[in-house]
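Structure file protein-v3.cif (mmCIF, C-alpha atoms) follows.
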```cif
data_start
loop_
_atom_site.label_atom_id
_atom_site.label_comp_id
_atom_site.auth_asym_id
_atom_site.auth_seq_id
_atom_site.Cartn_x
_atom_site.Cartn_y
_atom_site.Cartn_z
CA MET A 9 -15.98 6.66 -12.75
CA GLY A 10 -13.96 3.93 -11.03
CA THR A 11 -10.86 4.30 -8.89
CA LEU A 12 -8.52 3.23 -11.69
CA ASP A 13 -10.22 5.65 -14.10
CA ILE A 14 -9.53 8.48 -11.66
CA LEU A 15 -5.90 7.41 -11.23
CA TYR A 16 -5.32 7.16 -14.98
CA ALA A 17 -7.06 10.49 -15.65
CA CYS A 18 -5.02 12.15 -12.94
CA GLY A 19 -1.80 10.73 -14.38
CA TYR A 20 -2.74 11.74 -17.93
CA TRP A 21 -3.66 15.32 -17.10
CA ALA A 22 -0.73 15.77 -14.73
CA LEU A 23 1.88 14.38 -17.13
CA ARG A 24 0.52 15.29 -20.57
CA ARG A 25 -1.35 18.52 -19.92
CA ASP A 26 0.73 19.93 -17.06
CA VAL A 27 -2.34 20.31 -14.86
CA PRO A 28 -1.51 20.00 -11.14
CA ALA A 29 -2.66 16.58 -9.95
CA MET A 30 -4.19 17.96 -6.76
CA ARG A 31 -6.37 20.32 -8.82
CA ILE A 32 -7.69 17.34 -10.78
CA LEU A 33 -8.43 15.41 -7.61
CA GLN A 34 -10.09 18.41 -5.99
CA SER A 35 -12.46 18.63 -8.94
CA VAL A 36 -13.15 14.90 -8.99
CA ALA A 37 -13.66 14.67 -5.23
CA ALA A 38 -15.83 17.76 -4.99
CA GLY A 39 -17.90 16.89 -8.07
CA LEU A 40 -18.31 13.14 -7.84
CA LEU A 41 -17.71 12.28 -4.22
CA GLY A 42 -18.71 15.47 -2.42
CA GLN A 43 -16.44 17.96 -0.71
CA ALA A 44 -16.28 15.85 2.48
CA SER A 45 -14.45 13.06 0.61
CA PHE A 46 -11.75 15.49 -0.48
CA GLU A 47 -11.37 16.90 2.99
CA GLY A 48 -11.41 13.39 4.49
CA GLY A 49 -8.23 12.25 2.79
CA ALA A 50 -9.62 10.19 -0.10
CA ALA A 51 -8.27 12.62 -2.69
CA THR A 52 -4.81 12.84 -1.16
CA ALA A 53 -4.66 9.04 -0.92
CA ALA A 54 -5.67 8.81 -4.59
CA LEU A 55 -3.08 11.46 -5.46
CA GLY A 56 -0.37 9.50 -3.65
CA LEU A 57 -1.26 6.32 -5.53
CA ALA A 58 -1.54 8.17 -8.85
CA LEU A 59 1.91 9.65 -8.33
CA MET A 60 3.30 6.28 -7.28
CA TYR A 61 2.17 4.74 -10.58
CA THR A 62 2.92 7.70 -12.86
CA ARG A 63 6.03 9.32 -11.39
CA GLY A 64 7.35 6.59 -9.12
CA ALA A 65 8.89 6.90 -5.69
CA VAL A 66 9.31 10.67 -5.73
CA PRO A 67 9.00 13.08 -2.78
CA GLU A 68 5.58 14.27 -3.99
CA THR A 69 4.25 10.73 -3.58
CA ARG A 70 5.43 10.59 0.01
CA THR A 71 4.05 14.08 0.72
CA ALA A 72 0.58 13.19 -0.59
CA LEU A 73 0.46 9.92 1.34
CA ALA A 74 1.75 11.56 4.54
CA SER A 75 -0.91 14.25 4.16
CA SER A 76 -3.57 11.57 3.70
CA LEU A 77 -2.35 9.83 6.85
CA GLU A 78 -2.43 13.06 8.83
CA ILE A 79 -5.98 13.87 7.71
CA ALA A 80 -7.18 10.31 8.38
CA GLU A 81 -5.62 10.36 11.86
CA ARG A 82 -7.24 13.69 12.65
CA LEU A 83 -10.64 12.33 11.56
CA GLY A 84 -10.16 8.92 13.18
CA ASP A 85 -10.62 7.21 9.79
CA THR A 86 -8.92 3.85 10.31
CA ASP A 87 -9.49 2.68 6.72
CA TYR A 88 -7.61 5.62 5.21
CA GLN A 89 -4.93 5.45 7.90
CA LEU A 90 -4.26 1.87 6.80
CA ARG A 91 -4.29 2.82 3.12
CA ALA A 92 -1.85 5.67 3.73
CA LEU A 93 0.46 3.53 5.89
CA TRP A 94 0.45 0.84 3.17
CA GLY A 95 1.30 3.43 0.50
CA LEU A 96 4.05 4.99 2.61
CA CYS A 97 5.51 1.53 3.30
CA VAL A 98 5.55 0.74 -0.44
CA ASP A 99 7.18 4.11 -1.10
CA ARG A 100 9.90 3.40 1.46
CA LEU A 101 10.48 -0.09 0.01
CA ASN A 102 10.75 1.44 -3.47
CA ASN A 103 13.36 3.88 -2.12
CA ALA A 104 15.38 1.17 -0.34
CA ALA A 105 14.53 2.73 3.04
CA PHE A 106 13.83 -0.70 4.52
CA ARG A 107 14.01 0.23 8.21
CA GLU A 108 11.48 3.01 7.66
CA ALA A 109 9.29 0.54 5.75
CA LEU A 110 9.48 -1.86 8.68
CA ALA A 111 8.44 0.90 11.11
CA LEU A 112 5.45 1.74 8.90
CA ALA A 113 4.52 -1.95 8.67
CA GLU A 114 4.66 -2.17 12.47
CA ARG A 115 2.35 0.87 12.74
CA PHE A 116 -0.02 -0.77 10.25
CA CYS A 117 -0.06 -3.97 12.33
CA GLY A 118 -0.76 -2.04 15.52
CA LEU A 119 -3.68 -0.20 13.91
CA ALA A 120 -5.04 -3.35 12.25
CA ALA A 121 -4.53 -5.57 15.31
CA ASN A 122 -8.23 -6.42 15.73
CA SER A 123 -9.30 -6.26 12.11
CA PRO A 124 -9.30 -8.51 9.04
CA ASP A 125 -6.52 -6.30 7.64
CA LEU A 126 -3.89 -7.66 10.04
CA PRO A 127 -2.65 -10.30 7.56
CA ILE A 128 -1.82 -7.49 5.12
CA GLY A 129 0.38 -6.06 7.86
CA ASP A 130 2.09 -9.44 8.14
CA ARG A 131 2.83 -9.32 4.41
CA MET A 132 4.25 -5.80 4.80
CA MET A 133 6.38 -6.97 7.72
CA GLY A 134 7.56 -10.00 5.77
CA LEU A 135 8.60 -7.93 2.77
CA SER A 136 10.41 -5.35 4.91
CA LEU A 137 12.27 -8.06 6.82
CA HIS A 138 13.09 -9.86 3.56
CA PHE A 139 14.80 -6.73 2.21
CA LEU A 140 16.57 -6.21 5.54
CA GLY A 141 18.19 -9.64 5.17
CA GLU A 142 16.08 -11.44 7.78
CA PRO A 143 14.70 -14.37 5.75
CA ALA A 144 13.74 -16.59 8.71
CA LYS A 145 11.69 -13.83 10.36
CA SER A 146 10.29 -12.84 6.98
CA ARG A 147 9.15 -16.41 6.34
CA LEU A 148 7.17 -16.49 9.60
CA HIS A 149 5.22 -13.36 8.62
CA PHE A 150 4.46 -14.60 5.10
CA GLU A 151 3.33 -18.00 6.33
CA ARG A 152 1.17 -16.43 9.04
CA MET A 153 -0.34 -14.08 6.47
CA LEU A 154 -1.21 -16.92 4.14
CA THR A 155 -2.71 -18.97 6.98
CA ARG A 156 -4.88 -16.14 8.31
CA TYR A 157 -5.78 -14.17 5.20
CA VAL A 158 -9.38 -14.23 4.05
CA ALA A 159 -10.20 -12.05 1.06
CA PRO A 160 -13.12 -9.79 1.99
CA ALA A 161 -16.44 -10.49 0.32
CA ARG A 162 -17.72 -6.92 0.38
CA ARG A 163 -14.63 -4.76 0.09
CA SER A 164 -11.79 -5.86 -2.11
CA HIS A 165 -8.24 -5.53 -0.82
CA ILE A 166 -7.20 -5.11 -4.44
CA ILE A 167 -9.01 -1.75 -4.49
CA ARG A 168 -7.68 -0.65 -1.11
CA PHE A 169 -4.13 -2.03 -1.35
CA GLN A 170 -3.63 -2.31 -5.14
CA PHE A 171 -2.54 -5.95 -5.35
CA ASP A 172 -3.88 -9.42 -4.78
CA GLN A 173 -2.46 -9.93 -1.31
CA ARG A 174 -2.35 -13.72 -1.47
CA VAL A 175 -0.49 -13.75 -4.80
CA THR A 176 2.12 -11.21 -3.69
CA ALA A 177 2.67 -13.10 -0.42
CA HIS A 178 3.21 -16.39 -2.31
CA ILE A 179 5.72 -14.73 -4.63
CA ALA A 180 7.72 -13.22 -1.77
CA LEU A 181 7.56 -16.43 0.28
CA ALA A 182 8.97 -18.37 -2.69
CA GLU A 183 11.93 -15.98 -2.83
CA VAL A 184 12.52 -16.35 0.91
CA LEU A 185 12.29 -20.15 0.80
CA TRP A 186 14.81 -20.21 -2.05
CA ILE A 187 17.21 -18.03 -0.04
CA LEU A 188 16.78 -20.26 3.00
CA GLY A 189 17.79 -23.29 0.93
CA TYR A 190 14.38 -24.85 0.28
CA PRO A 191 14.08 -24.63 -3.52
CA ASP A 192 11.61 -27.56 -3.66
CA GLN A 193 9.22 -25.71 -1.32
CA ALA A 194 9.75 -22.49 -3.26
CA MET A 195 8.45 -24.11 -6.42
#
```

Can you give me the file's structure in the form of structure tokens?
Amino acid sequence: MGTLDILYACGYWALRRDVPAMRILQSVAAGLLGQASFEGGAATAALGLALMYTRGAVPETRTALASSLEIAERLGDTDYQLRALWGLCVDRLNNAAFREALALAERFCGLAANSPDLPIGDRMMGLSLHFLGEPAKSRLHFERMLTRYVAPARRSHIIRFQFDQRVTAHIALAEVLWILGYPDQAM
């Protein structure tokens, strides 16, 4: 069963059958991944993403992602800390809490400072600054992201962070360039 299968199943059973999403993820994590994966934050991260895509930017989404972050911090699991910070940042952007999103992006960048994930933090910073009305600063982050980003060969950022990072950065940079008065560069 793939990650998207788990997310869709969770959404289906939670929305259509009124089964608590965490109960579904407990069963999946304990049965397929082993109990340690559930306790390590993978299930709460999956729950947060499932809620994000089935219910939207609701408090339960934030709670699941915050719980995943807390567990990952306690275990020293940098990968799941980054995933949770990314999800929380997206949640804050979706709720127009742009300053909170920026703070989460800054935390992501600090944690990813010496890793190949740092360009994703630049994209998060760029998007937060874009929505805060700082197009010049936003542009610097998007351009730096696009210059430094190398898609991983072994572990896809699409799985970990849900989107093609390069494509989303190009889209946002085009918007910023248009706002800054460079429509030819935006095209």

With only C-alpha atoms as the counted atoms, please give the residues lying no more than 7 Å from range 124-138 of chain A, apart from itself and same-chain residues fewer than 6 positions off, as JSON, numbers by chain. {"A": [106, 109, 110, 113, 114, 116, 117, 145, 146, 147, 149, 150, 153, 156, 157, 173, 177]}

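The space separating CA of Glu108 in chain A from CA of Leu181 in chain A comes to 21.2 Å.
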
Please enumerate the residues selected by the PyMOL selection byres ((chain A and resi 102) around 12) when evaluated against the supplied file, formatted as JSON, numbers by chain. {"A": [60, 61, 64, 65, 66, 67, 69, 70, 95, 96, 97, 98, 99, 100, 101, 103, 104, 105, 106, 108, 109, 135, 136, 139]}

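Nearest-residue note for Ser75 in chain A: choosing from A:Gln193, A:Asp87, A:Leu185, A:Leu93, the minimum distance belongs to A:Leu93, counting all atoms listed in the file.
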
Could you check the closest approach to Ala121 in chain A for each of A:Glu142, A:Leu90, A:Asp172, A:Ala159 and tell me which residue wins, using all atoms listed in the file?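 The shortest atom-to-atom distance to Ala121 in chain A comes from A:Leu90.
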
One decimal, Å: what's the distance from CA of Val184 in chain A over to CA of Arg91 in chain A, could you say? 25.6 Å

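The residue that comes closest to Tyr88 in chain A, out of A:Ala161, A:Val175, A:Ala120, A:Ser76 and on the basis of only C-alpha atoms, is A:Ser76.
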
What does the distance between CA of Glu183 in chain A and CA of Leu148 in chain A come to in Å, to one decimal place? 13.3 Å

The residue from A:Gln89, A:Arg107, A:Ala180, A:Ala74 with the smallest atom-to-atom distance to Leu140 in chain A, counting all atoms listed in the file, is A:Arg107
